[in-house]
Amino acid sequence: MRRREFLIGAAMLAGSMARSRAADIPAPSPDGLDRITAYFDNEVTSGRLPGAVILIQQHGKPVYLRTFGVRDTRTGLAMTPDTIFAIHSMTKPITCLGAMMLIDEGKLALTDPVSKYVPLFAKTRVGLQTTDPHGELELDFVPPVRPVNIEDLLRQTSGISYDYIGAEWVEHAYKAANIFEGHFNNREFADRIARLPLARQPGTLWRYGHSTDVLGSIIEIVSGQTLYQFLKQRIFDPLGMNSTKFVLATEDELARMARPLPNDFILLAGERERLAHPEWQSGGGGLLSTITDYQRFSQMLLNGGEFAGKRYLSPAAFEAMTTDHIGPGSGVARDYFYFPGDGFGYGYGLAMRTDPGNAKPPPPGSLGELKWDSGSGTYFGVDPKLDMVYLMMQQTQNERSRITPAFKALVYDCYPPALRRP
(Lines give C-alpha, C1' and ligand atoms only; values in the text may rest on other atoms or scores of the structure.)
Protein backbone atom coordinates (compact mmCIF):
# COMPACT_ATOMS: atom_id res chain seq x y z
CA MET A 1 0.00 0.00 0.00
CA ARG A 2 2.81 2.38 0.89
CA ARG A 3 4.56 1.60 -2.42
CA ARG A 4 1.36 2.36 -4.35
CA GLU A 5 0.93 5.66 -2.51
CA PHE A 6 4.58 6.51 -3.19
CA LEU A 7 4.20 5.79 -6.90
CA ILE A 8 1.02 7.85 -7.14
CA GLY A 9 2.70 10.70 -5.27
CA ALA A 10 5.79 10.50 -7.47
CA ALA A 11 3.66 10.55 -10.60
CA MET A 12 1.74 13.59 -9.36
CA LEU A 13 5.01 15.35 -8.50
CA ALA A 14 6.49 14.52 -11.92
CA GLY A 15 3.35 15.85 -13.62
CA SER A 16 3.50 19.02 -11.56
CA MET A 17 7.19 19.51 -12.40
CA ALA A 18 6.50 18.93 -16.10
CA ARG A 19 3.73 21.55 -16.07
CA SER A 20 6.06 23.95 -14.27
CA ARG A 21 8.81 23.40 -16.85
CA ALA A 22 6.31 23.87 -19.68
CA ALA A 23 5.22 27.20 -18.19
CA ASP A 24 8.85 28.36 -18.12
CA ILE A 25 9.49 27.58 -21.79
CA PRO A 26 8.37 30.30 -24.21
CA ALA A 27 6.41 29.50 -27.34
CA PRO A 28 8.17 30.14 -30.65
CA SER A 29 7.84 33.75 -31.72
CA PRO A 30 5.33 34.57 -34.48
CA ASP A 31 8.01 36.56 -36.31
CA GLY A 32 10.33 33.55 -36.23
CA LEU A 33 7.62 31.29 -37.61
CA ASP A 34 6.96 33.81 -40.36
CA ARG A 35 10.64 33.62 -41.33
CA ILE A 36 10.31 29.84 -41.72
CA THR A 37 7.32 30.37 -43.99
CA ALA A 38 9.14 32.98 -46.06
CA TYR A 39 12.20 30.74 -46.43
CA PHE A 40 10.33 27.73 -47.79
CA ASP A 41 8.05 29.87 -49.92
CA ASN A 42 11.18 31.21 -51.58
CA GLU A 43 12.70 27.75 -52.04
CA VAL A 44 9.59 26.63 -53.89
CA THR A 45 8.98 29.77 -55.98
CA SER A 46 12.67 29.87 -57.03
CA GLY A 47 12.37 26.30 -58.36
CA ARG A 48 14.99 24.78 -56.06
CA LEU A 49 12.43 22.65 -54.21
CA PRO A 50 9.19 21.08 -55.47
CA GLY A 51 7.61 21.21 -52.02
CA ALA A 52 7.97 20.53 -48.30
CA VAL A 53 6.02 19.99 -45.09
CA ILE A 54 7.26 21.53 -41.83
CA LEU A 55 6.05 20.70 -38.31
CA ILE A 56 7.08 22.13 -34.95
CA GLN A 57 5.46 20.62 -31.87
CA GLN A 58 5.84 21.85 -28.30
CA HIS A 59 4.39 20.37 -25.11
CA GLY A 60 2.82 17.63 -27.24
CA LYS A 61 0.85 19.97 -29.50
CA PRO A 62 1.61 21.39 -32.96
CA VAL A 63 2.54 25.07 -32.89
CA TYR A 64 3.44 25.22 -36.59
CA LEU A 65 2.35 22.99 -39.45
CA ARG A 66 2.72 24.29 -42.98
CA THR A 67 2.80 22.78 -46.44
CA PHE A 68 4.66 24.28 -49.38
CA GLY A 69 4.57 23.63 -53.11
CA VAL A 70 3.63 20.35 -54.74
CA ARG A 71 4.20 16.66 -54.18
CA ASP A 72 5.18 16.09 -57.77
CA THR A 73 5.88 18.64 -60.48
CA ARG A 74 4.48 16.22 -63.09
CA THR A 75 1.02 16.17 -61.55
CA GLY A 76 0.96 19.54 -59.78
CA LEU A 77 -0.83 17.98 -56.80
CA ALA A 78 -0.42 20.20 -53.74
CA MET A 79 1.71 19.13 -50.81
CA THR A 80 -0.45 18.02 -47.85
CA PRO A 81 0.24 16.88 -44.26
CA ASP A 82 -0.48 13.28 -45.31
CA THR A 83 1.99 13.33 -48.21
CA ILE A 84 4.21 10.23 -48.14
CA PHE A 85 7.99 10.64 -48.35
CA ALA A 86 10.87 8.24 -48.82
CA ILE A 87 12.63 8.83 -45.49
CA HIS A 88 15.77 6.81 -46.32
CA SER A 89 18.09 6.84 -43.27
CA MET A 90 15.38 8.08 -40.90
CA THR A 91 14.42 4.39 -41.09
CA LYS A 92 17.45 3.60 -38.91
CA PRO A 93 16.15 4.99 -35.58
CA ILE A 94 12.93 2.97 -36.02
CA THR A 95 14.77 -0.28 -36.76
CA CYS A 96 17.10 0.33 -33.83
CA LEU A 97 14.11 0.91 -31.56
CA GLY A 98 12.78 -2.48 -32.67
CA ALA A 99 16.09 -4.14 -31.82
CA MET A 100 16.20 -2.38 -28.45
CA MET A 101 12.73 -3.72 -27.66
CA LEU A 102 14.02 -7.27 -28.22
CA ILE A 103 17.07 -6.51 -26.05
CA ASP A 104 14.76 -5.10 -23.38
CA GLU A 105 12.85 -8.40 -23.42
CA GLY A 106 16.00 -10.52 -23.16
CA LYS A 107 15.57 -12.01 -26.64
CA LEU A 108 18.69 -10.33 -28.01
CA ALA A 109 21.88 -9.06 -26.36
CA LEU A 110 24.28 -6.26 -27.22
CA THR A 111 27.20 -8.68 -26.91
CA ASP A 112 25.72 -11.37 -29.15
CA PRO A 113 28.00 -12.01 -32.13
CA VAL A 114 26.23 -11.35 -35.42
CA SER A 115 27.39 -14.80 -36.56
CA LYS A 116 24.99 -16.31 -34.01
CA TYR A 117 22.18 -15.27 -36.37
CA VAL A 118 23.99 -14.90 -39.72
CA PRO A 119 26.60 -17.70 -39.68
CA LEU A 120 28.55 -16.35 -42.67
CA PHE A 121 29.79 -13.51 -40.45
CA ALA A 122 32.03 -16.08 -38.72
CA LYS A 123 34.16 -16.04 -41.89
CA THR A 124 34.30 -12.26 -42.33
CA ARG A 125 37.75 -10.70 -42.73
CA VAL A 126 39.03 -7.14 -42.34
CA GLY A 127 40.65 -5.35 -45.27
CA LEU A 128 44.02 -3.81 -44.42
CA GLN A 129 45.73 -1.50 -46.87
CA THR A 130 49.49 -1.09 -46.51
CA THR A 131 52.38 0.43 -48.48
CA ASP A 132 55.14 -1.86 -49.73
CA PRO A 133 58.86 -0.86 -49.76
CA HIS A 134 58.42 0.58 -53.28
CA GLY A 135 55.57 2.85 -52.21
CA GLU A 136 52.88 0.74 -53.86
CA LEU A 137 49.61 0.14 -52.04
CA GLU A 138 48.85 -3.45 -51.07
CA LEU A 139 45.61 -4.92 -49.72
CA ASP A 140 45.70 -7.72 -47.18
CA PHE A 141 42.89 -9.45 -45.33
CA VAL A 142 43.22 -10.24 -41.64
CA PRO A 143 40.92 -11.83 -39.06
CA PRO A 144 38.84 -9.47 -36.90
CA VAL A 145 40.26 -8.90 -33.41
CA ARG A 146 36.80 -9.79 -32.11
CA PRO A 147 33.50 -10.75 -33.76
CA VAL A 148 31.10 -8.08 -34.97
CA ASN A 149 28.33 -7.89 -32.38
CA ILE A 150 24.82 -6.45 -32.08
CA GLU A 151 26.07 -3.26 -30.44
CA ASP A 152 28.34 -2.66 -33.43
CA LEU A 153 25.31 -2.81 -35.72
CA LEU A 154 23.36 -0.40 -33.49
CA ARG A 155 26.13 2.19 -33.23
CA GLN A 156 27.62 1.86 -36.75
CA THR A 157 30.97 0.47 -35.56
CA SER A 158 30.80 -2.90 -37.35
CA GLY A 159 33.22 -2.02 -40.17
CA ILE A 160 30.37 -2.56 -42.65
CA SER A 161 30.36 0.26 -45.18
CA TYR A 162 28.28 1.76 -47.95
CA ASP A 163 29.61 1.48 -51.50
CA TYR A 164 30.18 5.25 -51.73
CA ILE A 165 32.06 5.71 -48.46
CA GLY A 166 35.66 5.05 -47.53
CA ALA A 167 38.91 4.20 -49.25
CA GLU A 168 39.01 3.36 -52.93
CA TRP A 169 39.40 -0.33 -52.22
CA VAL A 170 36.26 -0.32 -50.07
CA GLU A 171 34.17 1.35 -52.76
CA HIS A 172 35.56 -1.02 -55.39
CA ALA A 173 34.87 -4.15 -53.29
CA TYR A 174 31.26 -3.15 -52.62
CA LYS A 175 30.50 -2.18 -56.20
CA ALA A 176 32.20 -5.27 -57.63
CA ALA A 177 30.07 -7.52 -55.41
CA ASN A 178 26.81 -6.38 -57.08
CA ILE A 179 24.98 -6.66 -53.76
CA PHE A 180 21.76 -5.25 -55.28
CA GLU A 181 21.65 -7.68 -58.19
CA GLY A 182 18.45 -9.67 -58.76
CA HIS A 183 15.82 -10.25 -56.09
CA PHE A 184 16.73 -10.75 -52.44
CA ASN A 185 15.17 -10.56 -49.00
CA ASN A 186 16.72 -9.28 -45.77
CA ARG A 187 18.40 -12.57 -44.90
CA GLU A 188 19.92 -12.95 -48.36
CA PHE A 189 21.15 -9.37 -48.24
CA ALA A 190 22.79 -9.98 -44.83
CA ASP A 191 24.62 -12.96 -46.36
CA ARG A 192 25.83 -10.76 -49.22
CA ILE A 193 27.19 -8.21 -46.74
CA ALA A 194 28.86 -10.97 -44.69
CA ARG A 195 30.87 -12.04 -47.75
CA LEU A 196 32.42 -8.56 -48.07
CA PRO A 197 35.52 -7.49 -46.14
CA LEU A 198 35.07 -5.13 -43.21
CA ALA A 199 36.50 -1.65 -43.75
CA ARG A 200 37.93 -1.52 -40.21
CA GLN A 201 38.29 -3.69 -37.15
CA PRO A 202 34.97 -3.98 -35.27
CA GLY A 203 34.42 -1.34 -32.60
CA THR A 204 37.19 1.00 -33.79
CA LEU A 205 35.57 3.46 -36.23
CA TRP A 206 32.15 5.06 -36.74
CA ARG A 207 31.50 4.13 -40.35
CA TYR A 208 28.11 4.66 -41.98
CA GLY A 209 26.93 1.60 -43.84
CA HIS A 210 24.58 -1.36 -44.10
CA SER A 211 24.81 -2.22 -40.38
CA THR A 212 21.14 -1.44 -39.78
CA ASP A 213 20.12 -3.54 -42.78
CA VAL A 214 21.85 -6.53 -41.17
CA LEU A 215 20.14 -5.63 -37.89
CA GLY A 216 16.78 -5.75 -39.68
CA SER A 217 17.54 -9.29 -40.80
CA ILE A 218 18.39 -10.29 -37.23
CA ILE A 219 15.09 -8.83 -35.97
CA GLU A 220 13.35 -11.12 -38.47
CA ILE A 221 15.29 -14.17 -37.29
CA VAL A 222 14.64 -13.49 -33.60
CA SER A 223 10.98 -12.50 -33.95
CA GLY A 224 9.95 -15.00 -36.62
CA GLN A 225 8.26 -12.19 -38.55
CA THR A 226 9.23 -10.07 -41.51
CA LEU A 227 10.72 -6.75 -40.49
CA TYR A 228 7.56 -4.92 -41.56
CA GLN A 229 5.29 -7.31 -39.66
CA PHE A 230 7.38 -6.81 -36.52
CA LEU A 231 7.58 -3.01 -36.82
CA LYS A 232 3.87 -2.78 -37.65
CA GLN A 233 2.80 -4.88 -34.68
CA ARG A 234 5.20 -3.43 -32.14
CA ILE A 235 5.65 0.21 -33.25
CA PHE A 236 3.51 1.45 -36.15
CA ASP A 237 0.06 0.23 -35.07
CA PRO A 238 0.43 1.17 -31.38
CA LEU A 239 1.79 4.63 -32.27
CA GLY A 240 -0.83 5.19 -34.96
CA MET A 241 1.77 5.39 -37.76
CA ASN A 242 -0.73 4.10 -40.30
CA SER A 243 1.04 5.40 -43.42
CA THR A 244 4.53 4.10 -42.58
CA LYS A 245 5.54 1.07 -44.63
CA PHE A 246 8.08 -0.29 -47.09
CA VAL A 247 5.75 -0.68 -50.08
CA LEU A 248 2.73 1.37 -51.12
CA ALA A 249 -0.26 -0.79 -51.93
CA THR A 250 -3.15 1.44 -53.02
CA GLU A 251 -3.79 4.08 -55.65
CA ASP A 252 -4.45 6.62 -52.90
CA GLU A 253 -1.05 5.94 -51.33
CA LEU A 254 0.70 6.20 -54.68
CA ALA A 255 -1.03 9.52 -55.38
CA ARG A 256 0.18 10.85 -52.01
CA MET A 257 3.83 10.05 -52.72
CA ALA A 258 6.26 12.98 -53.00
CA ARG A 259 8.81 13.00 -55.80
CA PRO A 260 12.06 14.96 -56.31
CA LEU A 261 12.67 17.40 -59.14
CA PRO A 262 13.56 15.86 -62.54
CA ASN A 263 17.20 16.98 -62.16
CA ASP A 264 17.69 15.26 -58.79
CA PHE A 265 19.34 12.28 -60.44
CA ILE A 266 20.69 10.58 -57.28
CA LEU A 267 17.31 10.50 -55.58
CA LEU A 268 15.56 9.39 -58.75
CA ALA A 269 18.05 6.53 -59.06
CA GLY A 270 17.33 5.60 -55.46
CA GLU A 271 13.61 5.60 -56.21
CA ARG A 272 14.13 3.26 -59.16
CA GLU A 273 16.23 0.96 -56.94
CA ARG A 274 13.51 0.90 -54.28
CA LEU A 275 10.77 0.10 -56.82
CA ALA A 276 12.94 -2.63 -58.35
CA HIS A 277 13.23 -4.43 -54.98
CA PRO A 278 9.81 -4.43 -53.27
CA GLU A 279 10.78 -7.69 -51.54
CA TRP A 280 13.71 -6.01 -49.71
CA GLN A 281 12.63 -4.40 -46.45
CA SER A 282 15.69 -2.27 -45.82
CA GLY A 283 16.04 -1.57 -42.10
CA GLY A 284 18.63 1.05 -42.93
CA GLY A 285 16.75 3.12 -45.48
CA GLY A 286 13.61 1.59 -46.95
CA LEU A 287 10.67 3.13 -45.11
CA LEU A 288 8.11 5.55 -46.47
CA SER A 289 6.30 7.80 -44.02
CA THR A 290 4.42 11.05 -43.42
CA ILE A 291 5.30 13.98 -41.18
CA THR A 292 2.33 13.27 -38.91
CA ASP A 293 3.39 9.63 -38.53
CA TYR A 294 7.02 10.47 -37.74
CA GLN A 295 5.89 13.17 -35.33
CA ARG A 296 4.39 10.41 -33.16
CA PHE A 297 7.65 8.48 -33.16
CA SER A 298 9.53 11.71 -32.32
CA GLN A 299 7.16 12.56 -29.48
CA MET A 300 7.62 9.08 -28.05
CA LEU A 301 11.37 9.77 -27.93
CA LEU A 302 10.77 13.15 -26.29
CA ASN A 303 8.59 11.39 -23.70
CA GLY A 304 11.46 9.04 -22.79
CA GLY A 305 10.12 5.98 -24.58
CA GLU A 306 6.42 6.42 -23.86
CA PHE A 307 3.44 7.65 -25.87
CA ALA A 308 -0.27 7.89 -25.03
CA GLY A 309 0.13 5.76 -21.92
CA LYS A 310 2.08 2.94 -23.62
CA ARG A 311 5.74 2.35 -22.85
CA TYR A 312 7.91 1.15 -25.73
CA LEU A 313 11.22 0.86 -23.88
CA SER A 314 12.08 0.56 -20.22
CA PRO A 315 13.79 3.66 -18.79
CA ALA A 316 17.11 1.79 -18.70
CA ALA A 317 16.85 0.65 -22.33
CA PHE A 318 15.77 4.12 -23.45
CA GLU A 319 18.73 5.68 -21.66
CA ALA A 320 21.07 3.19 -23.35
CA MET A 321 19.62 4.01 -26.76
CA THR A 322 19.99 7.77 -26.28
CA THR A 323 23.43 7.84 -24.63
CA ASP A 324 26.64 8.54 -26.54
CA HIS A 325 28.53 5.25 -26.99
CA ILE A 326 31.35 6.44 -29.23
CA GLY A 327 32.72 9.40 -27.29
CA PRO A 328 36.01 9.83 -25.39
CA GLY A 329 37.24 6.60 -23.86
CA SER A 330 35.14 4.38 -26.13
CA GLY A 331 38.02 3.57 -28.48
CA VAL A 332 35.90 4.59 -31.46
CA ALA A 333 37.48 6.97 -33.98
CA ARG A 334 35.70 9.35 -36.35
CA ASP A 335 36.62 10.04 -39.94
CA TYR A 336 35.62 12.54 -42.61
CA PHE A 337 32.30 10.75 -43.04
CA TYR A 338 31.15 11.28 -39.44
CA PHE A 339 27.58 12.31 -40.21
CA PRO A 340 26.36 13.11 -36.66
CA GLY A 341 28.54 16.21 -36.97
CA ASP A 342 30.53 18.49 -34.70
CA GLY A 343 29.29 18.47 -31.10
CA PHE A 344 27.30 15.25 -31.48
CA GLY A 345 27.83 11.73 -30.22
CA TYR A 346 25.96 8.65 -31.35
CA GLY A 347 23.90 6.14 -29.42
CA TYR A 348 21.89 3.32 -30.94
CA GLY A 349 20.45 4.73 -34.16
CA LEU A 350 20.39 8.35 -32.99
CA ALA A 351 22.78 11.28 -32.70
CA MET A 352 22.74 13.30 -29.49
CA ARG A 353 24.27 16.68 -28.68
CA THR A 354 27.06 16.21 -26.17
CA ASP A 355 28.89 19.56 -26.36
CA PRO A 356 28.78 22.92 -28.19
CA GLY A 357 31.33 21.75 -30.76
CA ASN A 358 34.27 23.59 -32.25
CA ALA A 359 32.49 26.21 -34.36
CA LYS A 360 32.36 29.79 -33.07
CA PRO A 361 29.60 30.56 -32.37
CA PRO A 362 28.35 27.01 -31.89
CA PRO A 363 25.55 25.79 -34.14
CA PRO A 364 22.02 26.17 -32.72
CA GLY A 365 20.50 23.52 -30.52
CA SER A 366 20.52 22.17 -26.98
CA LEU A 367 22.69 19.76 -25.05
CA GLY A 368 20.86 16.43 -25.01
CA GLU A 369 18.94 17.01 -28.24
CA LEU A 370 18.39 13.96 -30.42
CA LYS A 371 18.34 14.01 -34.20
CA TRP A 372 18.76 12.21 -37.48
CA ASP A 373 18.26 13.03 -41.14
CA SER A 374 18.43 11.32 -44.51
CA GLY A 375 19.83 11.48 -48.00
CA SER A 376 16.40 12.49 -49.27
CA GLY A 377 16.42 15.70 -47.21
CA THR A 378 14.09 14.63 -44.39
CA TYR A 379 15.09 15.67 -40.86
CA PHE A 380 13.82 15.41 -37.30
CA GLY A 381 14.99 16.85 -34.00
CA VAL A 382 13.94 16.17 -30.42
CA ASP A 383 14.79 18.87 -27.86
CA PRO A 384 13.99 18.01 -24.21
CA LYS A 385 15.16 21.44 -23.02
CA LEU A 386 12.46 23.17 -25.07
CA ASP A 387 10.01 20.23 -24.83
CA MET A 388 9.91 20.34 -28.62
CA VAL A 389 10.06 18.13 -31.69
CA TYR A 390 10.56 19.58 -35.15
CA LEU A 391 10.43 17.86 -38.51
CA MET A 392 11.07 18.65 -42.14
CA MET A 393 9.83 16.44 -44.96
CA GLN A 394 11.12 17.13 -48.46
CA GLN A 395 12.61 15.14 -51.35
CA THR A 396 15.88 16.70 -52.43
CA GLN A 397 19.38 15.35 -52.48
CA ASN A 398 20.70 18.32 -54.46
CA GLU A 399 19.72 20.97 -51.90
CA ARG A 400 19.56 19.12 -48.58
CA SER A 401 23.05 20.06 -47.35
CA ARG A 402 22.09 23.71 -47.68
CA ILE A 403 18.47 23.56 -46.52
CA THR A 404 18.91 21.32 -43.45
CA PRO A 405 21.20 23.65 -41.41
CA ALA A 406 19.14 26.64 -42.54
CA PHE A 407 15.95 24.96 -41.32
CA LYS A 408 17.43 24.16 -37.92
CA ALA A 409 18.74 27.71 -37.51
CA LEU A 410 15.30 29.10 -38.38
CA VAL A 411 13.64 26.89 -35.78
CA TYR A 412 15.96 28.04 -32.99
CA ASP A 413 15.76 31.65 -34.11
CA CYS A 414 12.13 31.47 -32.95
CA TYR A 415 13.41 31.49 -29.35
CA PRO A 416 15.25 34.01 -27.17
CA PRO A 417 19.07 34.09 -27.64
CA ALA A 418 19.72 32.30 -24.34
CA LEU A 419 17.76 29.27 -25.56
CA ARG A 420 19.21 29.05 -29.07
CA ARG A 421 22.59 27.47 -28.34
CA PRO A 422 24.01 24.89 -25.93
# chains A, B, ... in the order shown; residues from 1 in each chain; ligands from 1
call {"tool": "residues_around", "arguments": {"residues": "Met393 in chain A", "least_positions_apart": "2", "cutoff": "6 Å", "atoms": "only C-alpha atoms", "output": "number ranges by chain"}}
result
A: 52-53, 378
call {"tool": "write_last_selection", "arguments": {"atoms": "C-alpha atoms", "output": "PDB file, in the first residue's frame"}}
result
ATOM      1  CA  ALA A  52       7.969  20.528 -48.305  1.00  0.00           C
ATOM      2  CA  VAL A  53       6.023  19.986 -45.089  1.00  0.00           C
ATOM      3  CA  THR A 378      14.091  14.628 -44.391  1.00  0.00           C
TER       4      THR A 378
END
call {"tool": "select_by_dssp", "arguments": {"residues": "range 34-265 of chain A", "states": "alpha helix (DSSP H)", "output": "NGL selection string"}}
result
:A and (34-45 or 92-104 or 150-155 or 168-176 or 186-194 or 211-223 or 227-231 or 237-239 or 251-255 or 265)
call {"tool": "residues_around", "arguments": {"residues": "Arg402 in chain A", "least_positions_apart": "5", "cutoff": "12 Å", "atoms": "only C-alpha atoms", "output": "NGL selection string"}}
result
:A and (43 or 48-49 or 377 or 396-397 or 407-409)
call {"tool": "write_last_selection", "arguments": {"atoms": "N, CA and C atoms", "output": "JSON list (two decimals), in the first residue's frame"}}
result
[["chain", "number", "residue", "atom", "x", "y", "z"],
["A", 43, "GLU", "N", 12.09, 28.95, -51.47],
["A", 43, "GLU", "CA", 12.70, 27.75, -52.04],
["A", 43, "GLU", "C", 11.82, 27.17, -53.14],
["A", 48, "ARG", "N", 13.97, 25.66, -56.64],
["A", 48, "ARG", "CA", 14.99, 24.78, -56.06],
["A", 48, "ARG", "C", 14.38, 23.59, -55.33],
["A", 49, "LEU", "N", 13.10, 23.68, -55.01],
["A", 49, "LEU", "CA", 12.43, 22.65, -54.21],
["A", 49, "LEU", "C", 11.01, 22.49, -54.74],
["A", 377, "GLY", "N", 16.69, 14.36, -47.72],
["A", 377, "GLY", "CA", 16.42, 15.70, -47.21],
["A", 377, "GLY", "C", 15.47, 15.75, -46.04],
["A", 396, "THR", "N", 14.82, 16.06, -51.66],
["A", 396, "THR", "CA", 15.88, 16.70, -52.43],
["A", 396, "THR", "C", 17.24, 16.24, -51.92],
["A", 397, "GLN", "N", 17.99, 15.65, -52.80],
["A", 397, "GLN", "CA", 19.38, 15.35, -52.48],
["A", 397, "GLN", "C", 20.25, 16.53, -52.87],
["A", 407, "PHE", "N", 17.20, 25.27, -42.01],
["A", 407, "PHE", "CA", 15.95, 24.96, -41.32],
["A", 407, "PHE", "C", 16.15, 24.93, -39.81],
["A", 408, "LYS", "N", 17.20, 24.25, -39.36],
["A", 408, "LYS", "CA", 17.43, 24.16, -37.92],
["A", 408, "LYS", "C", 17.70, 25.54, -37.32],
["A", 409, "ALA", "N", 18.48, 26.35, -38.00],
["A", 409, "ALA", "CA", 18.74, 27.71, -37.51],
["A", 409, "ALA", "C", 17.46, 28.52, -37.42]]
call {"tool": "closest_residue", "arguments": {"among": "A:Asp213, A:Asp373, A:Glu279, A:Asp413", "to": "Leu154 in chain A", "atoms": "only C-alpha atoms"}}
result
A:Asp213
call {"tool": "residues_around", "arguments": {"residues": "Arg187 in chain A", "least_positions_apart": "6", "cutoff": "12 Å", "atoms": "only C-alpha atoms", "output": "list in words"}}
result
Tyr117, Val118, Pro119, Leu120, Ile193, Ala194, Asp213, Val214, Leu215, Gly216, Ser217, Ile218, Ile219, Glu220, Ile221, Val222, Gln225, Thr226, Leu227, Glu279, Trp280, Gln281, Ser282 and Gly283 of chain A
call {"tool": "closest_residue", "arguments": {"among": "A:Arg207, A:Lys107, A:Arg420, A:Arg296", "to": "Phe380 in chain A", "atoms": "only C-alpha atoms"}}
result
A:Arg296
call {"tool": "closest_residue", "arguments": {"among": "A:Gly69, A:Gly98, A:Pro262, A:Pro26", "to": "Phe318 in chain A", "atoms": "only C-alpha atoms"}}
result
A:Gly98
call {"tool": "closest_residue", "arguments": {"among": "A:Ser289, A:Asn178, A:Thr323, A:Asn186", "to": "Asp163 in chain A", "atoms": "only C-alpha atoms"}}
result
A:Asn178
call {"tool": "atom_distance", "arguments": {"atom1": "CA of Thr322 in chain A", "atom2": "CA of Gly368 in chain A"}}
result
8.8 Å
call {"tool": "atom_distance", "arguments": {"atom1": "CA of Leu77 in chain A", "atom2": "CA of Thr250 in chain A"}}
result
17.1 Å
call {"tool": "closest_atom_pairs", "arguments": {"of": "range 165-275 of chain A", "to": "range 332-335 of chain A", "cutoff": "8 Å", "atoms": "only C-alpha atoms", "output": "tab-separated table"}}
result
residue	atom	partner	partner_atom	distance
A:Gly203	CA	A:Val332	CA	6.2
A:Thr204	CA	A:Val332	CA	4.5
A:Leu205	CA	A:Ala333	CA	4.6
A:Trp206	CA	A:Arg334	CA	5.6
A:Arg207	CA	A:Arg334	CA	7.8
call {"tool": "select_by_dssp", "arguments": {"residues": "range 116-363 of chain A", "states": "strand (DSSP E)", "output": "PyMOL selection string"}}
result
chain A and resi 126-131+137-142+205-206+288-289+306-307+310-311+333-334+344-346+351-353
